[in-house]
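Listing of entry_20.pdb, PDB, C-alpha atoms, pLDDT in the B column
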```
ATOM      1  CA  MET A  26      -5.728  89.804  41.698  1.00 57.00           C
ATOM      2  CA  THR A  27      -8.843  90.165  39.591  1.00 88.00           C
ATOM      3  CA  PHE A  28      -8.342  91.391  36.032  1.00 93.00           C
ATOM      4  CA  GLY A  29     -10.813  93.394  34.033  1.00 94.00           C
ATOM      5  CA  PHE A  30     -10.876  93.502  30.255  1.00 94.00           C
ATOM      6  CA  LYS A  31     -12.063  96.837  28.902  1.00 93.00           C
ATOM      7  CA  GLU A  32     -14.496  96.500  26.016  1.00 93.00           C
ATOM      8  CA  TRP A  33     -17.215  98.674  24.529  1.00 90.00           C
ATOM      9  CA  ALA A  34     -20.441  98.256  26.478  1.00 92.00           C
ATOM     10  CA  LEU A  35     -22.418  97.148  23.403  1.00 92.00           C
ATOM     11  CA  VAL A  36     -19.882  94.396  22.670  1.00 94.00           C
ATOM     12  CA  CYS A  37     -20.017  93.304  26.324  1.00 95.00           C
ATOM     13  CA  GLU A  38     -23.793  93.028  26.029  1.00 93.00           C
ATOM     14  CA  ALA A  39     -23.507  90.985  22.807  1.00 94.00           C
ATOM     15  CA  LEU A  40     -21.128  88.616  24.590  1.00 97.00           C
ATOM     16  CA  GLY A  41     -23.429  88.540  27.622  1.00 96.00           C
ATOM     17  CA  ARG A  42     -26.498  87.706  25.522  1.00 94.00           C
ATOM     18  CA  GLY A  43     -24.588  84.941  23.750  1.00 96.00           C
ATOM     19  CA  ASP A  44     -24.783  86.733  20.400  1.00 95.00           C
ATOM     20  CA  GLN A  45     -21.043  86.328  19.945  1.00 96.00           C
ATOM     21  CA  SER A  46     -18.307  84.134  21.394  1.00 98.00           C
ATOM     22  CA  ILE A  47     -15.230  85.901  20.054  1.00 98.00           C
ATOM     23  CA  ILE A  48     -13.282  88.977  21.033  1.00 96.00           C
ATOM     24  CA  LEU A  49     -11.186  90.761  18.424  1.00 95.00           C
ATOM     25  CA  ARG A  50      -8.420  93.072  19.586  1.00 91.00           C
ATOM     26  CA  LYS A  51      -5.398  94.848  18.188  1.00 85.00           C
ATOM     27  CA  GLY A  52      -4.478  96.819  21.272  1.00 65.00           C
ATOM     28  CA  GLY A  53      -4.795 100.259  22.771  1.00 58.00           C
ATOM     29  CA  ILE A  54      -2.327 103.114  22.800  1.00 55.00           C
ATOM     30  CA  ALA A  55      -0.997 102.018  26.193  1.00 56.00           C
ATOM     31  CA  GLU A  56      -0.321  98.393  25.183  1.00 57.00           C
ATOM     32  CA  GLY A  57       3.372  99.132  24.629  1.00 57.00           C
ATOM     33  CA  ARG A  58       5.780  97.942  21.953  1.00 60.00           C
ATOM     34  CA  ALA A  59       4.946  94.286  22.522  1.00 61.00           C
ATOM     35  CA  GLY A  60       1.352  94.992  21.520  1.00 66.00           C
ATOM     36  CA  PHE A  61      -1.757  93.290  22.764  1.00 76.00           C
ATOM     37  CA  ARG A  62      -2.016  89.708  23.965  1.00 81.00           C
ATOM     38  CA  PHE A  63      -4.783  87.819  25.740  1.00 88.00           C
ATOM     39  CA  GLU A  64      -2.650  87.600  28.895  1.00 87.00           C
ATOM     40  CA  HIS A  65      -5.204  86.214  31.316  1.00 92.00           C
ATOM     41  CA  PRO A  66      -7.151  82.946  30.968  1.00 94.00           C
ATOM     42  CA  GLU A  67     -10.066  84.390  32.967  1.00 94.00           C
ATOM     43  CA  PHE A  68     -11.277  87.919  33.531  1.00 94.00           C
ATOM     44  CA  LEU A  69     -14.282  90.113  34.123  1.00 95.00           C
ATOM     45  CA  LEU A  70     -15.748  92.150  31.261  1.00 96.00           C
ATOM     46  CA  PHE A  71     -15.365  95.840  32.116  1.00 95.00           C
ATOM     47  CA  PRO A  72     -17.859  97.710  29.903  1.00 94.00           C
ATOM     48  CA  THR A  73     -16.744 101.121  28.719  1.00 90.00           C
ATOM     49  CA  LEU A  74     -18.521 104.042  27.147  1.00 82.00           C
ATOM     50  CA  PHE A  75     -15.213 105.723  26.367  1.00 62.00           C
ATOM     51  CA  HIS A  76     -14.747 105.925  22.582  1.00 58.00           C
ATOM     52  CA  GLU A  77     -18.054 104.120  22.148  1.00 58.00           C
ATOM     53  CA  GLN A  78     -19.181 104.812  18.634  1.00 73.00           C
ATOM     54  CA  VAL A  79     -22.365 103.110  17.579  1.00 79.00           C
ATOM     55  CA  LYS A  80     -21.629 103.725  13.898  1.00 80.00           C
ATOM     56  CA  LYS A  81     -18.654 101.328  14.137  1.00 87.00           C
ATOM     57  CA  LEU A  82     -20.881  98.383  15.058  1.00 89.00           C
ATOM     58  CA  GLN A  83     -23.518  96.352  13.222  1.00 87.00           C
ATOM     59  CA  LEU A  84     -26.448  96.572  15.578  1.00 84.00           C
ATOM     60  CA  PRO A  85     -29.877  95.000  15.348  1.00 79.00           C
ATOM     61  CA  GLU A  86     -32.770  97.463  15.071  1.00 78.00           C
ATOM     62  CA  LEU A  87     -33.954  98.906  18.375  1.00 79.00           C
ATOM     63  CA  THR A  88     -30.777  97.958  20.248  1.00 79.00           C
ATOM     64  CA  PRO A  89     -30.884  99.916  23.501  1.00 79.00           C
ATOM     65  CA  LEU A  90     -27.878 102.192  23.792  1.00 79.00           C
ATOM     66  CA  PRO A  91     -25.854 101.983  26.996  1.00 83.00           C
ATOM     67  CA  ALA A  92     -25.677 104.856  29.417  1.00 85.00           C
ATOM     68  CA  ALA A  93     -23.509 105.558  32.416  1.00 86.00           C
ATOM     69  CA  ARG A  94     -25.007 104.727  35.777  1.00 90.00           C
ATOM     70  CA  PRO A  95     -26.464 107.847  37.435  1.00 93.00           C
ATOM     71  CA  ASP A  96     -24.304 107.230  40.532  1.00 95.00           C
ATOM     72  CA  GLY A  97     -21.088 107.158  38.434  1.00 90.00           C
ATOM     73  CA  HIS A  98     -20.272 103.609  39.537  1.00 94.00           C
ATOM     74  CA  HIS A  99     -19.174 100.732  37.328  1.00 94.00           C
ATOM     75  CA  GLU A 100     -21.262  97.587  36.976  1.00 94.00           C
ATOM     76  CA  ILE A 101     -19.761  94.271  35.907  1.00 95.00           C
ATOM     77  CA  ARG A 102     -22.074  91.381  35.069  1.00 95.00           C
ATOM     78  CA  TYR A 103     -19.969  88.906  33.075  1.00 96.00           C
ATOM     79  CA  HIS A 104     -17.080  86.536  33.671  1.00 95.00           C
ATOM     80  CA  VAL A 105     -15.032  85.309  30.690  1.00 96.00           C
ATOM     81  CA  ALA A 106     -12.883  82.221  30.291  1.00 96.00           C
ATOM     82  CA  VAL A 107     -10.590  82.168  27.251  1.00 96.00           C
ATOM     83  CA  GLU A 108     -10.861  78.785  25.537  1.00 96.00           C
ATOM     84  CA  TRP A 109      -8.193  79.479  22.885  1.00 95.00           C
ATOM     85  CA  THR A 110      -6.617  82.327  20.944  1.00 93.00           C
ATOM     86  CA  ALA A 111      -5.242  82.952  17.469  1.00 93.00           C
ATOM     87  CA  GLU A 112      -3.513  85.753  15.612  1.00 91.00           C
ATOM     88  CA  VAL A 113      -5.184  86.103  12.214  1.00 94.00           C
ATOM     89  CA  HIS A 114      -2.909  87.379   9.410  1.00 93.00           C
ATOM     90  CA  HIS A 115      -5.030  86.982   6.270  1.00 93.00           C
ATOM     91  CA  TRP A 116      -7.585  89.702   5.582  1.00 95.00           C
ATOM     92  CA  GLN A 117      -9.914  87.312   3.736  1.00 95.00           C
ATOM     93  CA  VAL A 118     -10.057  85.102   6.829  1.00 95.00           C
ATOM     94  CA  VAL A 119     -10.778  88.136   9.021  1.00 96.00           C
ATOM     95  CA  GLN A 120     -13.610  89.074   6.643  1.00 96.00           C
ATOM     96  CA  SER A 121     -15.078  85.571   6.948  1.00 96.00           C
ATOM     97  CA  LEU A 122     -15.520  86.193  10.694  1.00 96.00           C
ATOM     98  CA  ALA A 123     -18.064  88.996  10.082  1.00 96.00           C
ATOM     99  CA  PRO A 124     -21.161  86.940  11.003  1.00 95.00           C
ATOM    100  CA  LEU A 125     -19.558  86.107  14.365  1.00 96.00           C
ATOM    101  CA  HIS A 126     -19.173  89.636  15.795  1.00 95.00           C
ATOM    102  CA  LEU A 127     -20.715  93.143  15.860  1.00 93.00           C
ATOM    103  CA  TRP A 128     -17.856  95.215  14.423  1.00 93.00           C
ATOM    104  CA  GLN A 129     -18.263  97.024  11.090  1.00 93.00           C
ATOM    105  CA  GLU A 130     -15.798  95.729   8.496  1.00 95.00           C
ATOM    106  CA  THR A 131     -14.159  99.159   8.127  1.00 94.00           C
ATOM    107  CA  GLU A 132     -13.379  99.261  11.860  1.00 92.00           C
ATOM    108  CA  VAL A 133     -11.955  95.726  11.864  1.00 95.00           C
ATOM    109  CA  GLU A 134      -9.831  96.538   8.801  1.00 96.00           C
ATOM    110  CA  LYS A 135      -8.488  99.704  10.447  1.00 92.00           C
ATOM    111  CA  ARG A 136      -7.383  97.673  13.454  1.00 90.00           C
ATOM    112  CA  PHE A 137      -6.042  94.853  11.273  1.00 94.00           C
ATOM    113  CA  GLN A 138      -3.826  97.340   9.377  1.00 92.00           C
ATOM    114  CA  GLN A 139      -2.718  99.241  12.506  1.00 87.00           C
ATOM    115  CA  GLY A 140       0.919  98.957  13.560  1.00 81.00           C
ATOM    116  CA  ASP A 141       3.864  97.091  12.091  1.00 82.00           C
ATOM    117  CA  VAL A 142       2.100  93.737  11.710  1.00 84.00           C
ATOM    118  CA  THR A 143      -1.079  93.299   9.691  1.00 90.00           C
ATOM    119  CA  ALA A 144      -3.035  90.935  11.905  1.00 91.00           C
ATOM    120  CA  ILE A 145      -5.687  90.889  14.562  1.00 93.00           C
ATOM    121  CA  ASN A 146      -5.872  88.918  17.806  1.00 92.00           C
ATOM    122  CA  LEU A 147      -8.867  86.704  18.367  1.00 94.00           C
ATOM    123  CA  ALA A 148     -10.042  84.886  21.468  1.00 96.00           C
ATOM    124  CA  PHE A 149     -12.740  82.239  21.512  1.00 97.00           C
ATOM    125  CA  VAL A 150     -14.381  82.698  24.904  1.00 98.00           C
ATOM    126  CA  ARG A 151     -16.927  81.179  27.243  1.00 97.00           C
ATOM    127  CA  VAL A 152     -19.035  83.848  28.923  1.00 98.00           C
ATOM    128  CA  SER A 153     -20.929  83.376  32.171  1.00 96.00           C
ATOM    129  CA  THR A 154     -23.205  85.658  34.098  1.00 95.00           C
ATOM    130  CA  LEU A 155     -22.162  86.498  37.638  1.00 94.00           C
ATOM    131  CA  ILE A 156     -24.320  85.420  40.557  1.00 90.00           C
ATOM    132  CA  LYS A 157     -24.841  89.111  41.238  1.00 90.00           C
ATOM    133  CA  PRO A 158     -23.482  92.196  39.453  1.00 92.00           C
ATOM    134  CA  LEU A 159     -20.409  93.853  40.908  1.00 92.00           C
ATOM    135  CA  ILE A 160     -20.948  97.555  41.505  1.00 92.00           C
ATOM    136  CA  PHE A 161     -18.082  99.812  42.579  1.00 93.00           C
ATOM    137  CA  PRO A 162     -16.966 103.458  42.302  1.00 93.00           C
ATOM    138  CA  ASP A 163     -14.935 104.836  39.435  1.00 92.00           C
ATOM    139  CA  SER A 164     -11.224 105.517  39.827  1.00 91.00           C
ATOM    140  CA  PRO A 165      -8.566 107.090  37.567  1.00 91.00           C
ATOM    141  CA  ARG A 166      -6.805 103.701  37.484  1.00 90.00           C
ATOM    142  CA  TYR A 167      -9.606 102.391  35.246  1.00 90.00           C
ATOM    143  CA  GLY A 168      -9.021 105.038  32.586  1.00 86.00           C
ATOM    144  CA  GLY A 169      -6.721 105.210  29.595  1.00 81.00           C
ATOM    145  CA  CYS A 170      -6.420 103.388  26.295  1.00 79.00           C
ATOM    146  CA  ARG A 171      -5.446  99.980  27.596  1.00 80.00           C
ATOM    147  CA  SER A 172      -7.168  96.653  27.517  1.00 87.00           C
ATOM    148  CA  TRP A 173      -6.296  95.203  30.933  1.00 90.00           C
ATOM    149  CA  ILE A 174      -6.962  96.757  34.331  1.00 92.00           C
ATOM    150  CA  ALA A 175      -6.467  95.484  37.861  1.00 92.00           C
ATOM    151  CA  LEU A 176      -9.738  95.400  39.769  1.00 92.00           C
ATOM    152  CA  PRO A 177     -10.336  95.154  43.487  1.00 85.00           C
ATOM    153  CA  GLU A 178     -10.835  91.673  44.889  1.00 83.00           C
ATOM    154  CA  PHE A 179     -14.495  90.723  44.725  1.00 81.00           C
ATOM    155  CA  PRO A 180     -15.381  87.726  46.903  1.00 76.00           C
ATOM    156  CA  ASP A 181     -18.805  87.639  45.215  1.00 71.00           C
ATOM    157  CA  ALA A 182     -17.405  87.491  41.653  1.00 74.00           C
ATOM    158  CA  GLN A 183     -18.642  83.964  41.095  1.00 80.00           C
ATOM    159  CA  PRO A 184     -19.835  82.805  37.674  1.00 79.00           C
ATOM    160  CA  GLN A 185     -23.369  81.467  37.781  1.00 85.00           C
ATOM    161  CA  SER A 186     -24.219  80.025  34.382  1.00 93.00           C
ATOM    162  CA  HIS A 187     -22.901  80.035  30.833  1.00 96.00           C
ATOM    163  CA  VAL A 188     -24.768  82.306  28.448  1.00 97.00           C
ATOM    164  CA  ILE A 189     -24.956  79.558  25.782  1.00 97.00           C
ATOM    165  CA  ASP A 190     -25.280  75.806  26.232  1.00 97.00           C
ATOM    166  CA  ASP A 191     -22.460  73.309  25.703  1.00 97.00           C
ATOM    167  CA  LEU A 192     -23.729  72.064  22.350  1.00 98.00           C
ATOM    168  CA  GLU A 193     -23.908  75.566  20.829  1.00 98.00           C
ATOM    169  CA  HIS A 194     -20.526  76.426  22.327  1.00 98.00           C
ATOM    170  CA  GLU A 195     -18.907  73.397  20.672  1.00 97.00           C
ATOM    171  CA  ARG A 196     -20.640  74.161  17.358  1.00 97.00           C
ATOM    172  CA  ARG A 197     -19.256  77.703  17.398  1.00 97.00           C
ATOM    173  CA  SER A 198     -15.766  76.494  18.259  1.00 97.00           C
ATOM    174  CA  HIS A 199     -15.815  74.043  15.350  1.00 96.00           C
ATOM    175  CA  GLU A 200     -17.158  76.692  12.939  1.00 96.00           C
ATOM    176  CA  LEU A 201     -14.489  79.166  13.998  1.00 96.00           C
ATOM    177  CA  ARG A 202     -11.648  76.644  13.740  1.00 94.00           C
ATOM    178  CA  THR A 203     -12.843  75.763  10.246  1.00 94.00           C
ATOM    179  CA  LEU A 204     -12.797  79.432   9.202  1.00 94.00           C
ATOM    180  CA  LEU A 205      -9.354  79.992  10.722  1.00 93.00           C
ATOM    181  CA  SER A 206      -7.885  76.912   9.049  1.00 91.00           C
ATOM    182  CA  ALA A 207      -7.703  79.004   5.844  1.00 84.00           C
ATOM    183  CA  ASP A 208      -4.949  81.093   7.512  1.00 77.00           C
ATOM    184  CA  PRO A 209      -1.775  78.959   7.674  1.00 72.00           C
ATOM    185  CA  ARG A 210      -0.147  81.482  10.049  1.00 71.00           C
ATOM    186  CA  SER A 211      -2.888  81.043  12.688  1.00 60.00           C
ATOM    187  CA  PRO A 212      -2.061  77.730  14.340  1.00 59.00           C
ATOM    188  CA  LEU A 213      -4.753  76.385  16.630  1.00 58.00           C
TER     189      LEU A 213
END
```

Let me see the file written as structure tokens.
Amino acid sequence: MTFGFKEWALVCEALGRGDQSIILRKGGIAEGRAGFRFEHPEFLLFPTLFHEQVKKLQLPELTPLPAARPDGHHEIRYHVAVEWTAEVHHWQVVQSLAPLHLWQETEVEKRFQQGDVTAINLAFVRVSTLIKPLIFPDSPRYGGCRSWIALPEFPDAQPQSHVIDDLEHERRSHELRTLLSADPRSPL
């Protein structure tokens, strides 16, 4: 089975350009009592426009805003491999991550405070472009406030190349581990 990870289209594009190598998540309404976890070591980024709110992101000037395809189909262009994950429990450590992602601090704090546990899940990921984009029709099974969706099998869903080189990837991993080391509850 192929898994899709639902993420705002602008965040998917930032990951796909290599502007960021982390995903922050607390979980959607449909995540259940157990909450969100990065359950799958590899997945396809499923860009969503649902709940997309540009004001909740720090965007460079002249960032093109995403739009739905005129044919109503979905288009997936990126494969993700999770290198490692952490649950971050200290707000000051979460704040130190700001240069590494697009989210506005107020949005990250809202998610950090949400639920019974004050924490946020983080995944350090390796993003690759697909050899060719996957285009397929919409279905009700892709809707709802949940992070993970089952996608059809795509024989052509082959990663082509990483969006950043190995040296930059290792530099980012080291930088992130250094930042997270300030949170004793986030073992790496």

Exercise. Using all atoms listed in the file, pick whichever of A:Val152, A:Ile145, A:Leu40, A:Val133 has the shortest atom-to-atom distance to Phe68 (chain A).
Key: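 Closest residue, counting all atoms listed in the file: A:Val152.
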
Practice problem: Counting all atoms listed in the file, write as JSON, numbers by chain all protein and nucleic acid residues lying at most 6 Å from (-22.0, 89.1, 37.2) in the file's frame. | Solution: {"A": [101, 102, 103, 154, 155, 156, 157, 158]}

Quiz item: Which distance in Å separates CA of Ala111 (chain A) and CA of Leu147 (chain A), to one decimal?
Solution: 5.3 Å

Quiz item: Within 9 Å of (-15.8, 97.0, 26.3), all atoms listed in the file: residues as a ChimeraX atom specification?
Solution: /A:30-38,70-75,77,172

Quiz item: When you draw a straight line from CA of Gln120 (chain A) to CA of Gln83 (chain A), how long is it in Å?
Solution: 13.9 Å

Quick one: region 154-166 of chain A with C-alpha atoms, as a PDB file, in the first residue's frame?
```pdb
ATOM      1  CA  THR A 154      11.258  14.467  -6.660  1.00  0.00           C
ATOM      2  CA  LEU A 155       9.366  11.741  -8.480  1.00  0.00           C
ATOM      3  CA  ILE A 156      10.430  10.693 -11.960  1.00  0.00           C
ATOM      4  CA  LYS A 157       7.066  11.987 -13.129  1.00  0.00           C
ATOM      5  CA  PRO A 158       4.176  13.543 -11.185  1.00  0.00           C
ATOM      6  CA  LEU A 159       1.319  11.278 -10.178  1.00  0.00           C
ATOM      7  CA  ILE A 160      -2.031  12.644 -11.302  1.00  0.00           C
ATOM      8  CA  PHE A 161      -5.287  11.000 -10.227  1.00  0.00           C
ATOM      9  CA  PRO A 162      -8.942  11.902  -9.562  1.00  0.00           C
ATOM     10  CA  ASP A 163     -10.251  13.111  -6.234  1.00  0.00           C
ATOM     11  CA  SER A 164     -12.190  10.790  -3.945  1.00  0.00           C
ATOM     12  CA  PRO A 165     -14.018  11.270  -0.617  1.00  0.00           C
ATOM     13  CA  ARG A 166     -11.473   8.913   0.982  1.00  0.00           C
TER      14      ARG A 166
END
```
